[in-house]
>>> print(open('protein_17.pdb').read())   # PDB, C-alpha atoms, pLDDT in the B column
MODEL        1
ATOM      1  CA  VAL A  26     132.630 136.264 137.152  1.00 77.00           C
ATOM      2  CA  ASN A  27     134.803 134.600 134.509  1.00 83.00           C
ATOM      3  CA  ALA A  28     131.870 133.294 132.504  1.00 87.00           C
ATOM      4  CA  HIS A  29     130.326 136.759 132.255  1.00 88.00           C
ATOM      5  CA  LEU A  30     133.508 138.821 131.960  1.00 91.00           C
ATOM      6  CA  PRO A  31     133.560 139.297 128.142  1.00 92.00           C
ATOM      7  CA  ALA A  32     129.892 140.337 128.089  1.00 95.00           C
ATOM      8  CA  THR A  33     130.425 142.667 131.044  1.00 95.00           C
ATOM      9  CA  VAL A  34     133.372 144.371 129.360  1.00 95.00           C
ATOM     10  CA  GLN A  35     131.448 144.696 126.094  1.00 95.00           C
ATOM     11  CA  PHE A  36     128.534 146.311 127.920  1.00 96.00           C
ATOM     12  CA  CYS A  37     130.883 148.745 129.659  1.00 96.00           C
ATOM     13  CA  LEU A  38     132.494 149.642 126.332  1.00 94.00           C
ATOM     14  CA  SER A  39     129.073 150.436 124.870  1.00 95.00           C
ATOM     15  CA  GLU A  40     128.395 152.687 127.869  1.00 95.00           C
ATOM     16  CA  LEU A  41     131.730 154.447 127.420  1.00 94.00           C
ATOM     17  CA  ALA A  42     131.043 155.055 123.738  1.00 91.00           C
ATOM     18  CA  ASP A  43     127.582 156.547 124.396  1.00 93.00           C
ATOM     19  CA  VAL A  44     128.113 160.314 124.430  1.00 92.00           C
ATOM     20  CA  ASN A  45     124.503 160.804 125.530  1.00 94.00           C
ATOM     21  CA  LEU A  46     125.245 159.343 128.953  1.00 94.00           C
ATOM     22  CA  GLU A  47     126.505 161.484 131.821  1.00 94.00           C
ATOM     23  CA  LEU A  48     130.253 161.378 132.339  1.00 94.00           C
ATOM     24  CA  VAL A  49     129.838 159.967 135.853  1.00 94.00           C
ATOM     25  CA  THR A  50     128.004 156.977 134.368  1.00 95.00           C
ATOM     26  CA  ARG A  51     130.680 156.450 131.743  1.00 95.00           C
ATOM     27  CA  ASP A  52     133.312 156.838 134.451  1.00 95.00           C
ATOM     28  CA  SER A  53     131.650 154.028 136.411  1.00 95.00           C
ATOM     29  CA  ALA A  54     131.823 151.786 133.345  1.00 96.00           C
ATOM     30  CA  ALA A  55     135.508 152.622 132.994  1.00 96.00           C
ATOM     31  CA  LEU A  56     136.090 151.758 136.649  1.00 95.00           C
ATOM     32  CA  VAL A  57     134.559 148.310 136.106  1.00 96.00           C
ATOM     33  CA  ILE A  58     136.940 147.639 133.199  1.00 96.00           C
ATOM     34  CA  SER A  59     139.902 148.923 135.176  1.00 96.00           C
ATOM     35  CA  THR A  60     139.050 146.824 138.224  1.00 95.00           C
ATOM     36  CA  LEU A  61     138.624 143.668 136.156  1.00 95.00           C
ATOM     37  CA  THR A  62     141.952 144.364 134.464  1.00 96.00           C
ATOM     38  CA  GLU A  63     143.715 144.733 137.810  1.00 96.00           C
ATOM     39  CA  VAL A  64     142.085 141.659 139.359  1.00 95.00           C
ATOM     40  CA  LYS A  65     142.105 139.318 136.341  1.00 95.00           C
ATOM     41  CA  PRO A  66     144.760 140.582 133.881  1.00 96.00           C
ATOM     42  CA  LYS A  67     145.585 137.225 132.270  1.00 95.00           C
ATOM     43  CA  PHE A  68     141.938 136.300 131.849  1.00 93.00           C
ATOM     44  CA  MET A  69     141.205 139.721 130.359  1.00 94.00           C
ATOM     45  CA  ALA A  70     144.072 139.351 127.896  1.00 95.00           C
ATOM     46  CA  LYS A  71     142.861 135.914 126.861  1.00 94.00           C
ATOM     47  CA  LYS A  72     139.091 136.441 126.689  1.00 93.00           C
ATOM     48  CA  VAL A  73     138.657 140.133 125.824  1.00 94.00           C
ATOM     49  CA  ASP A  74     139.467 141.882 122.542  1.00 94.00           C
ATOM     50  CA  VAL A  75     142.309 144.123 123.746  1.00 96.00           C
ATOM     51  CA  PRO A  76     142.616 146.048 120.438  1.00 95.00           C
ATOM     52  CA  SER A  77     138.928 146.919 120.749  1.00 94.00           C
ATOM     53  CA  LEU A  78     139.571 148.332 124.226  1.00 96.00           C
ATOM     54  CA  LEU A  79     142.459 150.405 122.903  1.00 97.00           C
ATOM     55  CA  ASP A  80     140.417 151.690 119.960  1.00 96.00           C
ATOM     56  CA  THR A  81     137.626 152.818 122.277  1.00 95.00           C
ATOM     57  CA  PHE A  82     139.872 154.695 124.691  1.00 96.00           C
ATOM     58  CA  ILE A  83     142.079 156.316 122.045  1.00 97.00           C
ATOM     59  CA  HIS A  84     138.983 157.371 120.091  1.00 96.00           C
ATOM     60  CA  MET A  85     137.593 159.034 123.226  1.00 95.00           C
ATOM     61  CA  ILE A  86     140.745 161.160 123.406  1.00 95.00           C
ATOM     62  CA  GLU A  87     140.644 161.853 119.678  1.00 95.00           C
ATOM     63  CA  VAL A  88     137.105 163.223 119.576  1.00 94.00           C
ATOM     64  CA  SER A  89     137.434 165.263 122.772  1.00 91.00           C
ATOM     65  CA  SER A  90     138.200 168.970 122.564  1.00 87.00           C
ATOM     66  CA  GLU A  91     139.832 168.857 126.017  1.00 85.00           C
ATOM     67  CA  SER A  92     143.529 169.005 126.646  1.00 82.00           C
ATOM     68  CA  ALA A  93     144.958 165.491 126.722  1.00 82.00           C
ATOM     69  CA  ALA A  94     148.317 166.435 128.234  1.00 82.00           C
ATOM     70  CA  GLY A  95     148.360 164.239 131.314  1.00 60.00           C
ATOM     71  CA  ALA A  96     144.617 164.463 131.906  1.00 64.00           C
ATOM     72  CA  PHE A  97     144.595 161.248 133.894  1.00 52.00           C
ATOM     73  CA  PHE A  98     146.984 162.836 136.432  1.00 58.00           C
ATOM     74  CA  ASP A  99     145.143 166.132 136.805  1.00 56.00           C
ATOM     75  CA  ASN A 100     141.477 165.444 136.196  1.00 49.00           C
ATOM     76  CA  ASN A 101     140.703 161.938 137.382  1.00 48.00           C
ATOM     77  CA  PRO A 102     141.431 161.116 141.022  1.00 43.00           C
ATOM     78  CA  ALA A 103     140.113 157.571 140.511  1.00 44.00           C
ATOM     79  CA  TRP A 104     143.547 156.792 139.055  1.00 44.00           C
ATOM     80  CA  ARG A 105     145.667 159.019 141.308  1.00 46.00           C
ATOM     81  CA  GLU A 106     147.599 157.679 144.247  1.00 48.00           C
ATOM     82  CA  ASP A 107     146.282 159.112 147.498  1.00 44.00           C
ATOM     83  CA  THR A 108     148.718 161.328 149.314  1.00 43.00           C
ATOM     84  CA  PRO A 109     148.452 163.061 152.703  1.00 49.00           C
ATOM     85  CA  ASP A 110     148.233 166.418 150.955  1.00 55.00           C
ATOM     86  CA  ASP A 111     145.574 165.602 148.367  1.00 52.00           C
ATOM     87  CA  SER A 112     142.596 167.156 150.231  1.00 52.00           C
ATOM     88  CA  ASP A 113     142.921 170.500 148.448  1.00 55.00           C
ATOM     89  CA  ASP A 114     142.992 168.731 145.074  1.00 53.00           C
ATOM     90  CA  ASP A 115     139.796 166.872 145.959  1.00 54.00           C
ATOM     91  CA  ASP A 116     138.102 170.151 146.915  1.00 57.00           C
ATOM     92  CA  ASN A 117     138.966 171.566 143.487  1.00 58.00           C
ATOM     93  CA  TYR A 118     137.950 168.431 141.586  1.00 59.00           C
ATOM     94  CA  ASP A 119     135.160 169.161 139.089  1.00 70.00           C
ATOM     95  CA  GLY A 120     134.388 165.567 138.166  1.00 80.00           C
ATOM     96  CA  PRO A 121     135.606 163.201 135.458  1.00 87.00           C
ATOM     97  CA  THR A 122     136.526 164.325 131.969  1.00 92.00           C
ATOM     98  CA  GLN A 123     136.379 162.250 128.817  1.00 93.00           C
ATOM     99  CA  CYS A 124     140.147 162.414 128.324  1.00 93.00           C
ATOM    100  CA  GLY A 125     140.763 161.629 131.976  1.00 92.00           C
ATOM    101  CA  ILE A 126     138.536 158.550 131.830  1.00 94.00           C
ATOM    102  CA  ALA A 127     140.166 157.251 128.653  1.00 95.00           C
ATOM    103  CA  GLN A 128     143.726 157.903 129.792  1.00 95.00           C
ATOM    104  CA  GLY A 129     143.078 156.334 133.185  1.00 94.00           C
ATOM    105  CA  CYS A 130     141.899 153.147 131.492  1.00 95.00           C
ATOM    106  CA  LEU A 131     144.857 153.089 129.107  1.00 96.00           C
ATOM    107  CA  ASP A 132     147.218 153.420 132.054  1.00 96.00           C
ATOM    108  CA  VAL A 133     145.592 150.497 133.879  1.00 96.00           C
ATOM    109  CA  LEU A 134     145.716 148.307 130.758  1.00 97.00           C
ATOM    110  CA  ALA A 135     149.389 149.074 130.142  1.00 97.00           C
ATOM    111  CA  CYS A 136     150.398 148.509 133.774  1.00 96.00           C
ATOM    112  CA  ASN A 137     148.481 145.265 134.309  1.00 97.00           C
ATOM    113  CA  LEU A 138     147.946 143.287 131.103  1.00 97.00           C
ATOM    114  CA  PRO A 139     150.719 140.953 129.916  1.00 96.00           C
ATOM    115  CA  GLN A 140     153.052 142.901 127.648  1.00 95.00           C
ATOM    116  CA  LYS A 141     152.621 140.430 124.790  1.00 95.00           C
ATOM    117  CA  SER A 142     148.935 141.396 124.732  1.00 96.00           C
ATOM    118  CA  ILE A 143     149.148 145.165 125.098  1.00 97.00           C
ATOM    119  CA  PHE A 144     152.457 146.500 123.803  1.00 97.00           C
ATOM    120  CA  GLN A 145     152.302 145.878 120.055  1.00 96.00           C
ATOM    121  CA  PRO A 146     148.673 146.893 119.440  1.00 97.00           C
ATOM    122  CA  ALA A 147     149.034 149.976 121.659  1.00 97.00           C
ATOM    123  CA  VAL A 148     152.224 151.285 120.058  1.00 97.00           C
ATOM    124  CA  GLU A 149     151.022 150.528 116.532  1.00 97.00           C
ATOM    125  CA  ARG A 150     147.885 152.586 117.097  1.00 97.00           C
ATOM    126  CA  CYS A 151     149.864 155.465 118.574  1.00 97.00           C
ATOM    127  CA  VAL A 152     152.382 155.556 115.725  1.00 97.00           C
ATOM    128  CA  VAL A 153     149.691 155.435 113.041  1.00 97.00           C
ATOM    129  CA  ARG A 154     147.877 158.365 114.636  1.00 97.00           C
ATOM    130  CA  MET A 155     151.039 160.413 115.141  1.00 97.00           C
ATOM    131  CA  GLN A 156     151.489 160.272 111.341  1.00 97.00           C
ATOM    132  CA  SER A 157     147.886 161.239 110.585  1.00 97.00           C
ATOM    133  CA  SER A 158     146.922 164.374 108.675  1.00 97.00           C
ATOM    134  CA  SER A 159     144.324 165.047 111.400  1.00 97.00           C
ATOM    135  CA  PRO A 160     145.522 167.132 114.375  1.00 96.00           C
ATOM    136  CA  ALA A 161     142.996 165.366 116.623  1.00 96.00           C
ATOM    137  CA  SER A 162     144.449 161.985 115.657  1.00 97.00           C
ATOM    138  CA  ARG A 163     148.010 163.174 116.228  1.00 97.00           C
ATOM    139  CA  LYS A 164     146.978 164.535 119.631  1.00 96.00           C
ATOM    140  CA  ALA A 165     145.408 161.204 120.581  1.00 97.00           C
ATOM    141  CA  GLY A 166     148.380 159.210 119.324  1.00 97.00           C
ATOM    142  CA  VAL A 167     151.108 161.102 121.134  1.00 97.00           C
ATOM    143  CA  ALA A 168     149.029 161.502 124.316  1.00 96.00           C
ATOM    144  CA  SER A 169     148.228 157.788 124.413  1.00 97.00           C
ATOM    145  CA  LEU A 170     151.867 156.884 123.934  1.00 97.00           C
ATOM    146  CA  GLY A 171     152.748 159.042 126.924  1.00 96.00           C
ATOM    147  CA  VAL A 172     150.118 157.289 129.016  1.00 96.00           C
ATOM    148  CA  VAL A 173     151.237 153.728 128.205  1.00 97.00           C
ATOM    149  CA  ALA A 174     154.944 154.588 128.586  1.00 96.00           C
ATOM    150  CA  GLU A 175     155.122 153.542 132.227  1.00 95.00           C
ATOM    151  CA  GLY A 176     153.393 150.189 131.865  1.00 96.00           C
ATOM    152  CA  CYS A 177     155.166 149.351 128.610  1.00 96.00           C
ATOM    153  CA  ALA A 178     158.525 150.852 129.609  1.00 96.00           C
ATOM    154  CA  GLU A 179     160.667 147.748 129.191  1.00 95.00           C
ATOM    155  CA  ARG A 180     159.594 146.933 125.640  1.00 96.00           C
ATOM    156  CA  LEU A 181     159.195 150.573 124.687  1.00 96.00           C
ATOM    157  CA  SER A 182     162.798 151.238 125.686  1.00 96.00           C
ATOM    158  CA  GLN A 183     163.868 148.596 123.190  1.00 95.00           C
ATOM    159  CA  ARG A 184     161.791 150.210 120.433  1.00 94.00           C
ATOM    160  CA  LEU A 185     162.578 153.871 121.034  1.00 95.00           C
ATOM    161  CA  GLY A 186     164.221 154.160 117.626  1.00 93.00           C
ATOM    162  CA  ASP A 187     160.859 153.367 116.026  1.00 93.00           C
ATOM    163  CA  VAL A 188     158.835 155.696 118.258  1.00 96.00           C
ATOM    164  CA  ALA A 189     160.848 158.666 119.546  1.00 96.00           C
ATOM    165  CA  PRO A 190     161.241 160.401 116.138  1.00 96.00           C
ATOM    166  CA  TYR A 191     157.455 160.673 115.821  1.00 97.00           C
ATOM    167  CA  VAL A 192     157.128 162.140 119.319  1.00 97.00           C
ATOM    168  CA  ILE A 193     159.870 164.667 118.596  1.00 96.00           C
ATOM    169  CA  ALA A 194     158.130 165.573 115.321  1.00 96.00           C
ATOM    170  CA  CYS A 195     154.886 166.151 117.244  1.00 96.00           C
ATOM    171  CA  ALA A 196     156.782 168.577 119.484  1.00 94.00           C
ATOM    172  CA  GLY A 197     157.146 170.812 116.414  1.00 94.00           C
ATOM    173  CA  ASP A 198     153.575 170.324 115.224  1.00 95.00           C
ATOM    174  CA  ALA A 199     151.529 173.265 113.965  1.00 95.00           C
ATOM    175  CA  ASP A 200     148.693 172.345 116.329  1.00 94.00           C
ATOM    176  CA  GLU A 201     148.920 173.605 119.909  1.00 94.00           C
ATOM    177  CA  GLN A 202     147.275 170.566 121.518  1.00 94.00           C
ATOM    178  CA  VAL A 203     149.606 168.196 119.673  1.00 95.00           C
ATOM    179  CA  ARG A 204     152.658 170.114 120.914  1.00 94.00           C
ATOM    180  CA  GLU A 205     151.227 170.137 124.436  1.00 94.00           C
ATOM    181  CA  CYS A 206     150.734 166.360 124.387  1.00 95.00           C
ATOM    182  CA  ALA A 207     154.200 165.881 122.913  1.00 95.00           C
ATOM    183  CA  CYS A 208     155.620 167.672 125.976  1.00 93.00           C
ATOM    184  CA  PHE A 209     153.754 165.228 128.195  1.00 94.00           C
ATOM    185  CA  ALA A 210     154.930 162.213 126.171  1.00 95.00           C
ATOM    186  CA  LEU A 211     158.553 163.351 126.162  1.00 95.00           C
ATOM    187  CA  GLY A 212     158.425 163.706 129.928  1.00 93.00           C
ATOM    188  CA  GLN A 213     157.011 160.208 130.293  1.00 95.00           C
ATOM    189  CA  LEU A 214     159.655 158.700 128.009  1.00 96.00           C
ATOM    190  CA  ALA A 215     162.410 160.546 129.859  1.00 94.00           C
ATOM    191  CA  GLU A 216     161.150 159.205 133.180  1.00 95.00           C
ATOM    192  CA  HIS A 217     160.387 155.606 132.270  1.00 96.00           C
ATOM    193  CA  CYS A 218     162.744 154.723 129.404  1.00 96.00           C
ATOM    194  CA  GLN A 219     166.107 155.245 131.076  1.00 93.00           C
ATOM    195  CA  PRO A 220     168.883 154.972 130.031  1.00 95.00           C
ATOM    196  CA  GLU A 221     167.918 154.281 126.411  1.00 95.00           C
ATOM    197  CA  ILE A 222     166.230 157.671 126.012  1.00 95.00           C
ATOM    198  CA  LEU A 223     169.630 159.355 126.442  1.00 94.00           C
ATOM    199  CA  THR A 224     170.426 158.350 122.849  1.00 94.00           C
ATOM    200  CA  PHE A 225     167.916 160.995 121.772  1.00 94.00           C
ATOM    201  CA  ALA A 226     169.001 163.650 124.275  1.00 94.00           C
ATOM    202  CA  PRO A 227     170.269 166.189 121.670  1.00 94.00           C
ATOM    203  CA  GLN A 228     167.043 166.079 119.641  1.00 94.00           C
ATOM    204  CA  ILE A 229     164.847 166.135 122.747  1.00 93.00           C
ATOM    205  CA  LEU A 230     166.697 169.061 124.320  1.00 94.00           C
ATOM    206  CA  GLU A 231     166.435 171.029 121.075  1.00 93.00           C
ATOM    207  CA  ALA A 232     162.695 170.363 120.985  1.00 92.00           C
ATOM    208  CA  VAL A 233     162.265 171.257 124.662  1.00 91.00           C
ATOM    209  CA  PHE A 234     164.059 174.592 124.306  1.00 91.00           C
ATOM    210  CA  ARG A 235     161.748 175.460 121.398  1.00 90.00           C
ATOM    211  CA  LEU A 236     158.720 174.495 123.462  1.00 89.00           C
ATOM    212  CA  LEU A 237     159.832 176.698 126.349  1.00 90.00           C
ATOM    213  CA  ASP A 238     159.582 179.628 123.919  1.00 86.00           C
ATOM    214  CA  ASP A 239     156.248 178.452 122.512  1.00 84.00           C
ATOM    215  CA  THR A 240     153.572 181.053 121.822  1.00 84.00           C
ATOM    216  CA  SER A 241     151.138 178.960 123.913  1.00 84.00           C
ATOM    217  CA  VAL A 242     151.358 179.219 127.703  1.00 84.00           C
ATOM    218  CA  SER A 243     149.791 175.778 128.100  1.00 84.00           C
ATOM    219  CA  VAL A 244     152.602 174.277 126.006  1.00 86.00           C
ATOM    220  CA  GLN A 245     155.261 176.140 127.986  1.00 84.00           C
ATOM    221  CA  THR A 246     153.911 174.902 131.314  1.00 84.00           C
ATOM    222  CA  THR A 247     153.261 171.247 130.405  1.00 74.00           C
TER     223      THR A 247
ENDMDL
END
>>> encode(input="protein_17.pdb", output="structure tokens")
Amino acid sequence: VNAHLPATVQFCLSELADVNLELVTRDSAALVISTLTEVKPKFMAKKVDVPSLLDTFIHMIEVSSESAAGAFFDNNPAWREDTPDDSDDDDNYDGPTQCGIAQGCLDVLACNLPQKSIFQPAVERCVVRMQSSSPASRKAGVASLGVVAEGCAERLSQRLGDVAPYVIACAGDADEQVRECACFALGQLAEHCQPEILTFAPQILEAVFRLLDDTSVSVQTT
């Protein structure tokens, strides 16, 4: 497997980027990448272009019109933990979504690759997009940061001063989907970056109270 791993990943990335393919096919390609990452994380980090992986997955979120607020939790059971009560969720499952596929892969990368390989390129790409003039880019940036927060929690906690202000700014964004994803990201940071996140408690609480009164129901309920 090792000898063919880079070529296999590159083929799967080309499948993921092909919007003419059915989502179930692209989802299968994503599952191959995720499985290889879980089984051979060090080899993946050494032999595969990790920034290229990140660019592919973040771009998939960016160009999708779907909500990206926690899509990998709600829309992609391939990356959900099985629970005794998940049968009703499976009955209501409509299949993979582009955002769900991309966010599921980002989560696996962040949770399994060595932090020296994933943290810096992931956070840099998120921060650049959160400052973009494009709402779609800001959505992708803040959503992706929320996804990688668990896997990158230790290093992210040490860099909150460089990241949290952009997330809080996205919570006041003019675009509804950006605000929705900012809610998701704030929740992820609050859960995984304790106790360092408490430094930003006043700003976060102010943003959250505004979001609870948001004109969009989807923002209020995220």
>>> closest_atom_pairs(input="protein_17.pdb", of="range 184-219 of chain A", to="range 141-162 of chain A", cutoff="12 Å", atoms="all atoms listed in the file", output="Markdown table")
| residue | atom | partner | partner_atom | distance |
| --- | --- | --- | --- | --- |
| A:Arg184 | CA | A:Val148 | CA | 9.6 |
| A:Leu185 | CA | A:Val148 | CA | 10.7 |
| A:Asp187 | CA | A:Val152 | CA | 8.8 |
| A:Val188 | CA | A:Val152 | CA | 6.9 |
| A:Ala189 | CA | A:Val152 | CA | 9.8 |
| A:Pro190 | CA | A:Val152 | CA | 10.1 |
| A:Tyr191 | CA | A:Met155 | CA | 6.5 |
| A:Val192 | CA | A:Met155 | CA | 7.6 |
| A:Ile193 | CA | A:Met155 | CA | 10.4 |
| A:Ala194 | CA | A:Met155 | CA | 8.8 |
| A:Cys195 | CA | A:Met155 | CA | 7.2 |
| A:Ala196 | CA | A:Met155 | CA | 10.9 |
| A:Asp198 | CA | A:Pro160 | CA | 8.7 |
| A:Ala199 | CA | A:Pro160 | CA | 8.6 |
| A:Asp200 | CA | A:Pro160 | CA | 6.4 |
| A:Glu201 | CA | A:Pro160 | CA | 9.2 |
| A:Gln202 | CA | A:Pro160 | CA | 8.1 |
| A:Val203 | CA | A:Pro160 | CA | 6.8 |
| A:Arg204 | CA | A:Pro160 | CA | 10.1 |
| A:Glu205 | CA | A:Pro160 | CA | 11.9 |
| A:Cys206 | CA | A:Met155 | CA | 11.0 |
| A:Ala207 | CA | A:Met155 | CA | 10.0 |
| A:Ala210 | CA | A:Cys151 | CA | 11.4 |
>>> closest_atom_pairs(input="protein_17.pdb", of="range 149-213 of chain A", to="range 217-229 of chain A", cutoff="8 Å", atoms="all atoms listed in the file", output="Markdown table")
| residue | atom | partner | partner_atom | distance |
| --- | --- | --- | --- | --- |
| A:Ala174 | CA | A:His217 | CA | 6.7 |
| A:Glu175 | CA | A:His217 | CA | 5.7 |
| A:Ala178 | CA | A:Cys218 | CA | 5.7 |
| A:Glu179 | CA | A:Cys218 | CA | 7.3 |
| A:Leu181 | CA | A:Cys218 | CA | 7.2 |
| A:Ser182 | CA | A:Cys218 | CA | 5.1 |
| A:Gln183 | CA | A:Glu221 | CA | 7.7 |
| A:Leu185 | CA | A:Ile222 | CA | 7.2 |
| A:Ala189 | CA | A:Phe225 | CA | 7.8 |
| A:Ile193 | CA | A:Ile229 | CA | 6.6 |
| A:Leu211 | CA | A:Ile229 | CA | 7.7 |
| A:Gln213 | CA | A:His217 | CA | 6.0 |
>>> resolve_selection(input="protein_17.pdb", expression="the PyMOL selection byres ((chain A and resi 85) around 10)", output="list in words")
Leu41, Ala42, Val44, Leu79, Asp80, Thr81, Phe82, Ile83, His84, Ile86, Glu87, Val88, Ser89, Ser90, Gln123, Cys124, Gly125, Ile126, Ala127, Gln128 and Ala165 of chain A
>>> residues_around(input="protein_17.pdb", residues="Ala55 in chain A", least_positions_apart="3", cutoff="7 Å", atoms="all atoms listed in the file", output="NGL selection string")
:A and (37 or 41 or 51-52 or 58-59 or 126 or 130)
>>> resolve_selection(input="protein_17.pdb", expression="the PyMOL selection byres ((chain A and resi 26) around 12)", output="PyMOL selection string")
chain A and resi 27-34+61+64-65+68-69
>>> atom_distance(input="protein_17.pdb", atom1="CA of Arg180 in chain A", atom2="CA of Leu134 in chain A")
14.9 Å
>>> closest_residue(input="protein_17.pdb", among="A:Leu78, A:Lys67, A:Val167, A:Ala54", to="Leu214 in chain A", atoms="all atoms listed in the file")
A:Val167
>>> atom_distance(input="protein_17.pdb", atom1="CA of Thr240 in chain A", atom2="CA of Gly197 in chain A")
12.1 Å
>>> closest_residue(input="protein_17.pdb", among="A:Gly120, A:Ser169, A:Arg163, A:Glu63", to="Cys136 in chain A", atoms="all atoms listed in the file")
A:Glu63
>>> atom_distance(input="protein_17.pdb", atom1="CA of Lys164 in chain A", atom2="CA of Glu91 in chain A")
10.5 Å
>>> closest_residue(input="protein_17.pdb", among="A:Val133, A:Cys177, A:Leu237, A:Leu170", to="Ala93 in chain A", atoms="all atoms listed in the file")
A:Leu170
>>> axis_aligned_box(input="protein_17.pdb", around="range 49-66 of chain A", padding_each_side="4 Å", output="JSON")
{"center_x": 136.4, "center_y": 149.6, "center_z": 135.6, "size_x": 24.8, "size_y": 28.6, "size_z": 15.6}
